[in-house]
>>> print(open('target.cif').read())   # mmCIF, C-alpha atoms (C1' of nucleotides) and all ligand atoms
data_final
#
loop_
_atom_site.label_atom_id
_atom_site.label_comp_id
_atom_site.auth_asym_id
_atom_site.auth_seq_id
_atom_site.Cartn_x
_atom_site.Cartn_y
_atom_site.Cartn_z
CA MET F 30 -88.97 23.79 76.26
CA ARG F 31 -91.17 26.35 77.95
CA ASP F 32 -93.00 26.92 74.68
CA GLU F 33 -93.41 23.24 73.86
CA LEU F 34 -95.11 22.86 77.20
CA ARG F 35 -97.25 25.98 77.30
CA GLU F 36 -98.85 25.15 73.98
CA ARG F 37 -100.54 22.25 75.70
CA GLY F 38 -101.41 23.99 78.94
CA LEU F 39 -98.48 22.37 80.71
CA ARG F 40 -96.21 24.02 83.22
CA LEU F 41 -92.49 24.21 83.50
CA THR F 42 -91.79 23.10 87.03
CA PRO F 43 -88.34 22.74 88.56
CA GLN F 44 -88.87 18.99 88.79
CA ARG F 45 -89.76 18.77 85.12
CA GLU F 46 -86.68 20.71 84.18
CA LEU F 47 -84.50 18.51 86.36
CA VAL F 48 -85.82 15.39 84.68
CA LEU F 49 -85.05 16.73 81.23
CA THR F 50 -81.59 17.83 82.34
CA ALA F 51 -80.92 14.40 83.78
CA VAL F 52 -82.06 12.63 80.62
CA ARG F 53 -79.78 14.85 78.56
CA ALA F 54 -76.87 14.28 80.91
CA LEU F 55 -77.24 10.53 81.17
CA GLY F 56 -78.35 9.07 77.83
CA HIS F 57 -79.77 5.50 77.98
CA ALA F 58 -81.15 6.03 81.47
CA THR F 59 -83.81 4.16 83.38
CA PRO F 60 -86.33 6.08 85.48
CA GLU F 61 -84.45 4.82 88.51
CA ASP F 62 -81.13 6.10 87.13
CA ILE F 63 -82.71 9.46 86.51
CA ALA F 64 -84.19 9.69 89.98
CA GLU F 65 -80.88 8.75 91.52
CA TYR F 66 -79.05 11.37 89.48
CA ILE F 67 -81.48 14.09 90.51
CA HIS F 68 -81.39 12.99 94.13
CA ARG F 69 -77.74 13.89 94.36
CA THR F 70 -78.70 17.56 94.21
CA HIS F 71 -82.42 17.44 94.99
CA PRO F 72 -83.14 14.60 97.39
CA SER F 73 -86.81 15.41 97.80
CA ILE F 74 -87.97 14.70 94.26
CA ASN F 75 -90.24 11.68 94.21
CA LEU F 76 -89.85 8.69 91.92
CA SER F 77 -93.45 8.96 90.82
CA THR F 78 -92.75 12.54 89.76
CA VAL F 79 -89.93 11.25 87.59
CA TYR F 80 -92.22 8.72 85.95
CA ARG F 81 -94.94 11.28 85.41
CA ASN F 82 -92.58 13.80 83.90
CA LEU F 83 -90.94 11.28 81.63
CA GLU F 84 -94.38 10.53 80.28
CA THR F 85 -95.21 14.20 79.84
CA LEU F 86 -91.89 15.02 78.21
CA GLU F 87 -92.35 12.08 75.90
CA ASN F 88 -95.81 13.28 74.87
CA VAL F 89 -94.39 16.70 74.17
CA GLY F 90 -91.63 15.13 72.10
CA LEU F 91 -88.63 16.19 74.15
CA VAL F 92 -87.63 12.71 75.26
CA LEU F 93 -88.37 9.20 74.10
CA HIS F 94 -87.79 5.70 75.28
CA THR F 95 -86.14 2.65 73.80
CA HIS F 96 -85.94 -0.97 74.89
CA LEU F 97 -82.41 -2.21 75.33
CA GLY F 98 -82.99 -5.37 77.30
CA HIS F 99 -85.52 -7.91 78.47
CA GLY F 100 -86.87 -5.52 81.05
CA GLY F 101 -87.94 -1.92 81.37
CA ALA F 102 -87.36 1.05 79.08
CA THR F 103 -84.54 3.56 78.97
CA TYR F 104 -84.89 7.22 78.12
CA HIS F 105 -83.09 9.48 75.65
CA ALA F 106 -83.24 13.13 74.80
CA ALA F 107 -85.12 13.32 71.52
CA GLU F 108 -82.32 15.14 69.64
CA GLU F 109 -79.90 12.48 70.57
CA VAL F 110 -81.52 9.38 69.17
CA ASN F 111 -79.65 9.23 65.92
CA HIS F 112 -78.17 5.78 66.22
CA LEU F 113 -79.07 2.13 66.44
CA HIS F 114 -78.41 0.22 69.63
CA LEU F 115 -76.55 -3.05 69.32
CA VAL F 116 -77.22 -5.01 72.47
CA CYS F 117 -75.19 -8.11 73.23
CA GLY F 118 -77.28 -10.81 74.87
CA LYS F 119 -74.21 -12.42 76.36
CA CYS F 120 -72.28 -9.59 78.03
CA GLY F 121 -74.96 -6.91 77.96
CA SER F 122 -72.77 -4.35 76.20
CA VAL F 123 -74.58 -1.67 74.20
CA GLY F 124 -72.88 -0.63 70.98
CA GLU F 125 -74.04 1.94 68.48
CA ALA F 126 -74.31 2.12 64.72
CA PRO F 127 -75.60 4.83 62.38
CA ILE F 128 -79.26 4.59 61.46
CA GLU F 129 -78.38 4.53 57.77
CA THR F 130 -77.08 1.01 58.27
CA ALA F 131 -80.73 -0.02 58.33
CA ALA F 132 -81.81 2.09 55.36
CA THR F 133 -82.32 -0.69 52.82
CA PHE F 134 -84.10 -2.78 55.42
CA VAL F 135 -86.42 0.07 56.32
CA ASN F 136 -87.12 0.75 52.66
CA ALA F 137 -87.88 -2.89 51.97
CA LEU F 138 -90.46 -2.95 54.75
CA ALA F 139 -91.99 0.28 53.50
CA ASP F 140 -92.19 -0.93 49.88
CA ASP F 141 -93.36 -4.48 50.56
CA TYR F 142 -95.64 -3.97 53.56
CA GLY F 143 -96.34 -0.26 53.81
CA PHE F 144 -94.75 -0.48 57.24
CA LYS F 145 -92.99 2.62 58.54
CA THR F 146 -90.20 1.39 60.75
CA ASP F 147 -88.76 3.18 63.74
CA VAL F 148 -85.46 1.36 64.10
CA THR F 149 -84.52 3.02 67.37
CA HIS F 150 -87.48 2.01 69.51
CA PHE F 151 -86.25 -1.53 70.02
CA ALA F 152 -82.59 -2.36 70.16
CA VAL F 153 -80.91 -4.65 67.69
CA TYR F 154 -80.25 -7.82 69.62
CA GLY F 155 -77.40 -10.27 69.08
CA LYS F 156 -73.86 -11.14 70.06
CA CYS F 157 -70.95 -8.71 70.04
CA THR F 158 -67.56 -9.41 68.51
CA LYS F 159 -65.93 -10.23 71.80
CA CYS F 160 -68.61 -12.70 72.86
CA SER F 161 -68.66 -14.35 69.42
CA GLU F 162 -64.94 -15.09 69.60
CA GLU F 163 -65.07 -16.60 73.07
CA SER F 164 -67.83 -19.20 72.99
CA MET T 29 -87.50 -33.58 73.91
CA ARG T 30 -86.84 -36.33 76.43
CA ASP T 31 -83.24 -36.54 75.21
CA GLU T 32 -82.66 -32.80 75.16
CA LEU T 33 -83.65 -32.75 78.81
CA ARG T 34 -81.89 -35.87 80.08
CA GLU T 35 -78.55 -34.70 78.76
CA ARG T 36 -78.66 -32.00 81.40
CA GLY T 37 -80.06 -34.08 84.21
CA LEU T 38 -83.51 -32.64 83.73
CA ARG T 39 -86.76 -34.54 83.94
CA LEU T 40 -89.69 -34.78 81.64
CA THR T 41 -92.65 -34.04 83.84
CA PRO T 42 -96.26 -33.90 82.67
CA GLN T 43 -96.29 -30.18 83.48
CA ARG T 44 -93.19 -29.58 81.39
CA GLU T 45 -94.70 -31.40 78.49
CA LEU T 46 -97.93 -29.45 78.79
CA VAL T 47 -96.06 -26.17 78.68
CA LEU T 48 -94.23 -27.14 75.51
CA THR T 49 -97.45 -28.36 73.91
CA ALA T 50 -99.16 -25.10 74.79
CA VAL T 51 -96.35 -23.00 73.37
CA ARG T 52 -96.49 -24.99 70.14
CA ALA T 53 -100.26 -24.68 69.95
CA LEU T 54 -100.42 -20.98 70.68
CA GLY T 55 -97.50 -19.12 69.09
CA HIS T 56 -96.78 -15.57 70.43
CA ALA T 57 -98.05 -16.50 73.88
CA THR T 58 -97.49 -14.85 77.24
CA PRO T 59 -96.91 -17.00 80.32
CA GLU T 60 -100.41 -16.08 81.39
CA ASP T 61 -101.84 -17.21 78.03
CA ILE T 62 -100.01 -20.48 78.38
CA ALA T 63 -101.23 -21.08 81.91
CA GLU T 64 -104.79 -20.33 80.87
CA TYR T 65 -104.56 -22.71 77.95
CA ILE T 66 -103.26 -25.53 80.13
CA HIS T 67 -105.83 -24.82 82.82
CA ARG T 68 -108.62 -25.75 80.47
CA THR T 69 -107.53 -29.38 80.72
CA HIS T 70 -105.31 -29.34 83.81
CA PRO T 71 -106.59 -26.76 86.27
CA SER T 72 -104.11 -27.61 88.97
CA ILE T 73 -100.93 -26.50 87.22
CA ASN T 74 -99.43 -23.51 88.97
CA LEU T 75 -98.44 -20.29 87.23
CA SER T 76 -95.01 -20.41 88.79
CA THR T 77 -94.53 -23.85 87.30
CA VAL T 78 -95.27 -22.38 83.90
CA TYR T 79 -92.66 -19.66 84.43
CA ARG T 80 -90.08 -22.13 85.66
CA ASN T 81 -90.65 -24.49 82.77
CA LEU T 82 -90.53 -21.75 80.19
CA GLU T 83 -87.14 -20.85 81.54
CA THR T 84 -85.95 -24.45 81.49
CA LEU T 85 -87.28 -25.11 78.01
CA GLU T 86 -85.61 -21.95 76.82
CA ASN T 87 -82.26 -23.02 78.30
CA VAL T 88 -82.60 -26.34 76.56
CA GLY T 89 -83.39 -24.58 73.31
CA LEU T 90 -86.90 -25.85 72.73
CA VAL T 91 -88.65 -22.52 73.14
CA LEU T 92 -87.55 -18.90 73.03
CA HIS T 93 -89.03 -15.54 73.79
CA THR T 94 -89.44 -12.35 71.83
CA HIS T 95 -90.48 -8.83 72.81
CA LEU T 96 -93.45 -7.58 70.89
CA GLY T 97 -94.42 -4.59 72.98
CA HIS T 98 -93.42 -2.26 75.77
CA GLY T 99 -94.11 -4.92 78.34
CA GLY T 100 -93.44 -8.57 78.97
CA ALA T 101 -92.18 -11.28 76.66
CA THR T 102 -94.04 -13.76 74.50
CA TYR T 103 -92.96 -17.33 73.83
CA HIS T 104 -92.50 -19.31 70.64
CA ALA T 105 -91.58 -22.86 69.82
CA ALA T 106 -87.99 -22.72 68.62
CA GLU T 107 -88.70 -24.31 65.21
CA GLU T 108 -91.34 -21.79 64.50
CA VAL T 109 -89.44 -18.55 64.75
CA ASN T 110 -88.78 -18.02 61.11
CA HIS T 111 -90.26 -14.58 60.65
CA LEU T 112 -89.87 -10.98 61.71
CA HIS T 113 -92.55 -9.34 63.83
CA LEU T 114 -93.83 -6.00 62.63
CA VAL T 115 -95.50 -4.32 65.58
CA CYS T 116 -97.61 -1.22 65.05
CA GLY T 117 -97.22 1.27 67.87
CA LYS T 118 -100.56 2.86 67.07
CA CYS T 119 -103.02 -0.04 66.82
CA GLY T 120 -100.88 -2.81 68.29
CA SER T 121 -101.25 -5.14 65.34
CA VAL T 122 -98.49 -7.70 64.82
CA GLY T 123 -97.58 -8.44 61.23
CA GLU T 124 -94.98 -10.82 59.92
CA ALA T 125 -92.28 -10.69 57.29
CA PRO T 126 -89.71 -13.23 56.18
CA ILE T 127 -86.34 -13.02 57.93
CA GLU T 128 -84.57 -12.62 54.60
CA THR T 129 -85.99 -9.11 54.42
CA ALA T 130 -83.31 -8.21 56.94
CA ALA T 131 -80.49 -10.10 55.28
CA THR T 132 -78.51 -7.15 53.95
CA PHE T 133 -78.97 -5.32 57.22
CA VAL T 134 -77.74 -8.31 59.20
CA ASN T 135 -74.77 -8.71 56.90
CA ALA T 136 -73.84 -5.05 57.17
CA LEU T 137 -73.76 -5.29 60.97
CA ALA T 138 -71.69 -8.46 60.79
CA ASP T 139 -69.19 -6.97 58.34
CA ASP T 140 -68.86 -3.53 59.91
CA TYR T 141 -69.14 -4.34 63.61
CA GLY T 142 -68.65 -8.08 63.95
CA PHE T 143 -72.12 -8.09 65.45
CA LYS T 144 -74.20 -11.24 65.00
CA THR T 145 -77.80 -10.10 64.89
CA ASP T 146 -80.81 -12.09 66.02
CA VAL T 147 -83.57 -10.19 64.26
CA THR T 148 -86.37 -12.09 65.93
CA HIS T 149 -85.63 -11.35 69.57
CA PHE T 150 -87.02 -7.85 69.44
CA ALA T 151 -89.91 -6.94 67.19
CA VAL T 152 -89.56 -4.39 64.43
CA TYR T 153 -91.43 -1.36 65.68
CA GLY T 154 -93.27 1.20 63.60
CA LYS T 155 -96.60 2.10 62.05
CA CYS T 156 -98.68 -0.23 59.91
CA THR T 157 -100.23 0.71 56.57
CA LYS T 158 -103.67 1.31 57.99
CA CYS T 159 -102.44 3.59 60.77
CA SER T 160 -100.18 5.52 58.39
CA GLU T 161 -103.12 6.35 56.12
CA GLU T 162 -105.38 7.57 58.90
CA SER T 163 -103.34 10.09 60.86
"C1'" DC U 11 -90.23 -51.30 94.63
"C1'" DG U 12 -86.92 -47.79 97.13
"C1'" DC U 13 -84.09 -43.45 97.01
"C1'" DT U 14 -82.81 -39.05 96.06
"C1'" DA U 15 -82.52 -35.13 93.51
"C1'" DA U 16 -85.49 -32.54 90.59
"C1'" DA U 17 -89.74 -30.41 90.20
"C1'" DC U 18 -94.24 -28.97 92.09
"C1'" DG U 19 -97.91 -26.18 94.49
"C1'" DC U 20 -98.68 -22.57 97.36
"C1'" DA U 21 -97.96 -18.38 99.69
"C1'" DA U 22 -95.18 -14.59 100.40
"C1'" DA U 23 -91.89 -11.45 98.40
"C1'" DT U 24 -89.96 -8.47 94.96
"C1'" DC U 25 -89.94 -5.39 91.07
"C1'" DA U 26 -91.43 -1.88 88.15
"C1'" DC U 27 -94.64 1.04 87.73
"C1'" DT U 28 -99.32 3.45 88.59
"C1'" DT U 29 -102.87 5.79 91.06
"C1'" DG U 30 -105.69 8.45 94.71
"C1'" DC U 31 -105.51 12.28 97.32
"C1'" DA U 32 -104.52 16.18 100.06
"C1'" DA U 33 -101.17 19.86 99.98
"C1'" DT U 34 -98.37 22.87 97.02
"C1'" DT U 35 -97.23 25.92 93.28
"C1'" DC U 36 -97.12 27.77 88.42
"C1'" DG U 37 -98.68 31.30 85.52
"C1'" DC U 38 -102.36 34.22 83.72
"C1'" DG U 39 -105.47 38.09 85.13
"C1'" DC U 40 -106.05 41.88 87.77
"C1'" DG H 6 -97.23 42.28 93.59
"C1'" DC H 7 -101.65 39.45 94.71
"C1'" DG H 8 -105.02 36.07 94.13
"C1'" DC H 9 -106.98 32.18 92.16
"C1'" DG H 10 -107.75 27.74 89.78
"C1'" DA H 11 -105.79 24.20 87.51
"C1'" DA H 12 -101.70 21.60 87.04
"C1'" DT H 13 -98.31 19.28 89.62
"C1'" DT H 14 -96.11 17.25 93.57
"C1'" DG H 15 -95.07 14.05 97.56
"C1'" DC H 16 -96.50 10.31 99.85
"C1'" DA H 17 -98.63 6.07 100.56
"C1'" DA H 18 -101.21 2.50 98.92
"C1'" DG H 19 -102.34 -0.36 94.91
"C1'" DT H 20 -101.29 -3.17 90.61
"C1'" DG H 21 -99.65 -6.64 87.59
"C1'" DA H 22 -96.02 -9.43 86.38
"C1'" DT H 23 -92.57 -12.36 87.74
"C1'" DT H 24 -89.60 -14.66 91.42
"C1'" DT H 25 -88.48 -17.11 95.49
"C1'" DG H 26 -88.60 -20.05 99.88
"C1'" DC H 27 -90.16 -24.11 101.50
"C1'" DG H 28 -92.37 -28.35 102.62
"C1'" DT H 29 -94.33 -32.03 99.72
"C1'" DT H 30 -94.53 -34.84 95.62
"C1'" DT H 31 -92.51 -37.53 91.94
"C1'" DA H 32 -89.42 -38.90 87.86
"C1'" DG H 33 -86.08 -41.96 86.85
"C1'" DC H 34 -82.01 -44.84 87.95
"C1'" DG H 35 -80.96 -48.75 90.43
MN MN N 1 -85.48 -10.80 75.90
MN MN N 2 -91.78 0.97 74.08
ZN ZN N 3 -71.02 -9.28 74.28
ZN ZN N 4 -101.48 0.02 63.16
#
>>> encode(input="target.cif", output="structure tokens")
Amino acid sequence: MRDELRERGLRLTPQRELVLTAVRALGHATPEDIAEYIHRTHPSINLSTVYRNLETLENVGLVLHTHLGHGGATYHAAEEVNHLHLVCGKCGSVGEAPIETAATFVNALADDYGFKTDVTHFAVYGKCTKCSEES
Amino acid sequence: MRDELRERGLRLTPQRELVLTAVRALGHATPEDIAEYIHRTHPSINLSTVYRNLETLENVGLVLHTHLGHGGATYHAAEEVNHLHLVCGKCGSVGEAPIETAATFVNALADDYGFKTDVTHFAVYGKCTKCSEES
DNA sequence: CGCTAAACGCAAATCACTTGCAATTCGCGC
DNA sequence: GCGCGAATTGCAAGTGATTTGCGTTTAGCG
């Protein structure tokens, strides 16, 4: 981490480290979630510092964000984004599936449109098993 | 339209009709786009009325929204959502592809997870041909 | 025509970030 | 270790998008 940062003239501050730790601990976390988590041990960290560090860490490639719902983004540690998100529009549950599930789809888009798909950035939206049975 | 609404005790107001017309005319439109479009002929319609009617029309099933970028939603006429959106994260361009491109993917999720995918709600995110060549 | 509930316009409020700025602190150089 | 300048922080104010409260208007059924 230190090296990733120094290369670009960036510093490793305690706050920055805390944000990365929180992202790694939480998975699928909103900036607010992350701030709250850090506040438990370090109440003085500011929400704007969380936002700024998420941006920096994302530029450096240590974290990245995905969109799971209608609203804001959630953050992941970069190593850990190795699955699709299956979001149920009815109950809000977030399931996971291996990225390979999308392999033929991704290849089709690459072959037919030259489009290089990142299947993790947006969730896969739909209805989960439970909610399909009910209605 | 009138019938779809009456069934639920809803009214067909001029504003409501204008919103639907605008959505049909524009495709991929933000609430702001829609308000602006209507303002050209009916300057007095309020932005909050546009928001409220988009919600109502979506409940009734006449329009629906999709997420094309990091931010807010864009609205479509329901009949017209018969394609995938290919959003380039670099240049922001929005391409289209037939839904069938995702058929095997959708089937795999249904078979393996009982998950019923709506491939149009979120865009497909990635890098377009042009932007792949450059970098 | 009248009534009443639904819908409207308007202004204020909320939400999710973002930004300006003065004070602090990291990290390289001595 | 010490000093310095640039990067970073905390705080407060500012945005932009969407929502809500409320008094007024109006669609639609008698
Ligand atoms: Mn949505
Ligand atoms: Mn995004
Ligand atoms: Zn569900
Ligand atoms: Zn592009």
>>> residues_near_ligand(input="target.cif", ligand="ligand ZN 4 (chain N)", cutoff="8 Å", atoms="all atoms listed in the file", output="list of chain:residue names")
T:Val115, T:Cys116, T:Gly117, T:Lys118, T:Cys119, T:Gly120, T:Ser121, T:Lys155, T:Cys156, T:Thr157, T:Lys158, T:Cys159, T:Ser160
>>> calpha_fit_and_write(input="target.cif", fixed="chain T", moving="chain F", output="mmCIF file with C-alpha atoms, in the coordinates of the input")
data_model
loop_
_atom_site.group_PDB
_atom_site.id
_atom_site.type_symbol
_atom_site.label_atom_id
_atom_site.label_comp_id
_atom_site.auth_asym_id
_atom_site.auth_seq_id
_atom_site.Cartn_x
_atom_site.Cartn_y
_atom_site.Cartn_z
ATOM 1 C CA MET F 30 -87.734 -33.689 73.826
ATOM 2 C CA ARG F 31 -87.078 -36.432 76.335
ATOM 3 C CA ASP F 32 -83.514 -36.714 75.078
ATOM 4 C CA GLU F 33 -82.857 -32.979 75.042
ATOM 5 C CA LEU F 34 -83.822 -32.947 78.683
ATOM 6 C CA ARG F 35 -82.127 -36.094 79.926
ATOM 7 C CA GLU F 36 -78.774 -34.974 78.593
ATOM 8 C CA ARG F 37 -78.805 -32.279 81.231
ATOM 9 C CA GLY F 38 -80.213 -34.334 84.072
ATOM 10 C CA LEU F 39 -83.659 -32.847 83.570
ATOM 11 C CA ARG F 40 -86.932 -34.695 83.789
ATOM 12 C CA LEU F 41 -89.885 -34.854 81.507
ATOM 13 C CA THR F 42 -92.807 -34.077 83.753
ATOM 14 C CA PRO F 43 -96.417 -33.813 82.624
ATOM 15 C CA GLN F 44 -96.370 -30.111 83.453
ATOM 16 C CA ARG F 45 -93.283 -29.554 81.339
ATOM 17 C CA GLU F 46 -94.858 -31.347 78.434
ATOM 18 C CA LEU F 47 -98.047 -29.334 78.782
ATOM 19 C CA VAL F 48 -96.111 -26.087 78.668
ATOM 20 C CA LEU F 49 -94.327 -27.079 75.485
ATOM 21 C CA THR F 50 -97.589 -28.227 73.918
ATOM 22 C CA ALA F 51 -99.224 -24.941 74.822
ATOM 23 C CA VAL F 52 -96.370 -22.894 73.379
ATOM 24 C CA ARG F 53 -96.590 -24.871 70.152
ATOM 25 C CA ALA F 54 -100.351 -24.485 70.008
ATOM 26 C CA LEU F 55 -100.444 -20.783 70.753
ATOM 27 C CA GLY F 56 -97.477 -19.027 69.131
ATOM 28 C CA HIS F 57 -96.703 -15.510 70.479
ATOM 29 C CA ALA F 58 -97.960 -16.393 73.944
ATOM 30 C CA THR F 59 -97.338 -14.755 77.283
ATOM 31 C CA PRO F 60 -96.748 -16.906 80.361
ATOM 32 C CA GLU F 61 -100.228 -15.914 81.463
ATOM 33 C CA ASP F 62 -101.724 -17.005 78.126
ATOM 34 C CA ILE F 63 -99.957 -20.313 78.442
ATOM 35 C CA ALA F 64 -101.141 -20.898 81.984
ATOM 36 C CA GLU F 65 -104.683 -20.059 81.002
ATOM 37 C CA TYR F 66 -104.559 -22.443 78.057
ATOM 38 C CA ILE F 67 -103.285 -25.286 80.215
ATOM 39 C CA HIS F 68 -105.811 -24.537 82.933
ATOM 40 C CA ARG F 69 -108.641 -25.399 80.603
ATOM 41 C CA THR F 70 -107.633 -29.052 80.830
ATOM 42 C CA HIS F 71 -105.379 -29.064 83.893
ATOM 43 C CA PRO F 72 -106.582 -26.479 86.385
ATOM 44 C CA SER F 73 -104.071 -27.380 89.064
ATOM 45 C CA ILE F 74 -100.894 -26.352 87.265
ATOM 46 C CA ASN F 75 -99.325 -23.376 88.985
ATOM 47 C CA LEU F 76 -98.254 -20.175 87.270
ATOM 48 C CA SER F 77 -94.822 -20.393 88.825
ATOM 49 C CA THR F 78 -94.454 -23.844 87.280
ATOM 50 C CA VAL F 79 -95.189 -22.309 83.899
ATOM 51 C CA TYR F 80 -92.524 -19.668 84.412
ATOM 52 C CA ARG F 81 -90.001 -22.206 85.611
ATOM 53 C CA ASN F 82 -90.629 -24.533 82.714
ATOM 54 C CA LEU F 83 -90.481 -21.783 80.144
ATOM 55 C CA GLU F 84 -87.056 -20.959 81.491
ATOM 56 C CA THR F 85 -85.952 -24.582 81.417
ATOM 57 C CA LEU F 86 -87.307 -25.191 77.932
ATOM 58 C CA GLU F 87 -85.586 -22.051 76.763
ATOM 59 C CA ASN F 88 -82.257 -23.199 78.202
ATOM 60 C CA VAL F 89 -82.673 -26.514 76.458
ATOM 61 C CA GLY F 90 -83.444 -24.711 73.214
ATOM 62 C CA LEU F 91 -86.988 -25.917 72.654
ATOM 63 C CA VAL F 92 -88.653 -22.545 73.098
ATOM 64 C CA LEU F 93 -87.515 -18.951 73.015
ATOM 65 C CA HIS F 94 -88.914 -15.572 73.792
ATOM 66 C CA THR F 95 -89.325 -12.369 71.845
ATOM 67 C CA HIS F 96 -90.387 -8.868 72.817
ATOM 68 C CA LEU F 97 -93.379 -7.622 70.897
ATOM 69 C CA GLY F 98 -94.418 -4.675 73.003
ATOM 70 C CA HIS F 99 -93.438 -2.298 75.762
ATOM 71 C CA GLY F 100 -94.016 -4.944 78.379
ATOM 72 C CA GLY F 101 -93.240 -8.574 79.034
ATOM 73 C CA ALA F 102 -91.999 -11.302 76.706
ATOM 74 C CA THR F 103 -93.900 -13.746 74.544
ATOM 75 C CA TYR F 104 -92.883 -17.313 73.847
ATOM 76 C CA HIS F 105 -92.471 -19.298 70.632
ATOM 77 C CA ALA F 106 -91.604 -22.852 69.802
ATOM 78 C CA ALA F 107 -88.015 -22.755 68.602
ATOM 79 C CA GLU F 108 -88.763 -24.343 65.196
ATOM 80 C CA GLU F 109 -91.326 -21.748 64.494
ATOM 81 C CA VAL F 110 -89.351 -18.553 64.785
ATOM 82 C CA ASN F 111 -88.600 -18.064 61.142
ATOM 83 C CA HIS F 112 -90.085 -14.637 60.662
ATOM 84 C CA LEU F 113 -89.750 -11.039 61.722
ATOM 85 C CA HIS F 114 -92.458 -9.433 63.807
ATOM 86 C CA LEU F 115 -93.813 -6.121 62.607
ATOM 87 C CA VAL F 116 -95.505 -4.482 65.551
ATOM 88 C CA CYS F 117 -97.687 -1.439 65.018
ATOM 89 C CA GLY F 118 -97.355 1.059 67.846
ATOM 90 C CA LYS F 119 -100.720 2.566 67.042
ATOM 91 C CA CYS F 120 -103.120 -0.381 66.767
ATOM 92 C CA GLY F 121 -100.932 -3.083 68.279
ATOM 93 C CA SER F 122 -101.266 -5.429 65.307
ATOM 94 C CA VAL F 123 -98.448 -7.932 64.807
ATOM 95 C CA GLY F 124 -97.527 -8.633 61.201
ATOM 96 C CA GLU F 125 -94.869 -10.968 59.907
ATOM 97 C CA ALA F 126 -92.164 -10.791 57.280
ATOM 98 C CA PRO F 127 -89.507 -13.284 56.180
ATOM 99 C CA ILE F 128 -86.177 -13.013 57.950
ATOM 100 C CA GLU F 129 -84.390 -12.586 54.631
ATOM 101 C CA THR F 130 -85.877 -9.110 54.425
ATOM 102 C CA ALA F 131 -83.245 -8.147 56.981
ATOM 103 C CA ALA F 132 -80.359 -9.978 55.322
ATOM 104 C CA THR F 133 -78.439 -6.976 54.003
ATOM 105 C CA PHE F 134 -78.944 -5.172 57.288
ATOM 106 C CA VAL F 135 -77.659 -8.130 59.266
ATOM 107 C CA ASN F 136 -74.674 -8.467 56.959
ATOM 108 C CA ALA F 137 -73.840 -4.790 57.249
ATOM 109 C CA LEU F 138 -73.760 -5.036 61.034
ATOM 110 C CA ALA F 139 -71.619 -8.154 60.859
ATOM 111 C CA ASP F 140 -69.133 -6.606 58.404
ATOM 112 C CA ASP F 141 -68.896 -3.155 59.977
ATOM 113 C CA TYR F 142 -69.157 -3.985 63.679
ATOM 114 C CA GLY F 143 -68.605 -7.712 64.027
ATOM 115 C CA PHE F 144 -72.078 -7.798 65.533
ATOM 116 C CA LYS F 145 -74.092 -10.981 65.075
ATOM 117 C CA THR F 146 -77.705 -9.926 64.960
ATOM 118 C CA ASP F 147 -80.669 -11.973 66.076
ATOM 119 C CA VAL F 148 -83.468 -10.145 64.297
ATOM 120 C CA THR F 149 -86.251 -12.097 65.964
ATOM 121 C CA HIS F 150 -85.513 -11.342 69.604
ATOM 122 C CA PHE F 151 -86.955 -7.849 69.453
ATOM 123 C CA ALA F 152 -89.824 -6.980 67.191
ATOM 124 C CA VAL F 153 -89.561 -4.439 64.427
ATOM 125 C CA TYR F 154 -91.500 -1.458 65.680
ATOM 126 C CA GLY F 155 -93.398 1.075 63.584
ATOM 127 C CA LYS F 156 -96.737 1.901 62.028
ATOM 128 C CA CYS F 157 -98.769 -0.471 59.880
ATOM 129 C CA THR F 158 -100.322 0.424 56.547
ATOM 130 C CA LYS F 159 -103.764 0.950 57.972
ATOM 131 C CA CYS F 160 -102.595 3.265 60.743
ATOM 132 C CA SER F 161 -100.363 5.237 58.357
ATOM 133 C CA GLU F 162 -103.299 6.013 56.077
ATOM 134 C CA GLU F 163 -105.582 7.181 58.863
ATOM 135 C CA SER F 164 -103.604 9.734 60.851
#
>>> atom_distance(input="target.cif", atom1="CA of Leu76 (chain F)", atom2="CA of Val89 (chain F)")
20.0 Å
>>> interface_residues(input="target.cif", of="chain F", to="chain T", cutoff="10 Å", atoms="all atoms listed in the file", output="ChimeraX atom specification")
/F:94-102,115-118,124-126,129-135,137-139,141-162
>>> atom_distance(input="target.cif", atom1="CA of Ala58 (chain F)", atom2="C1' of DT28 (chain U)")
19.7 Å
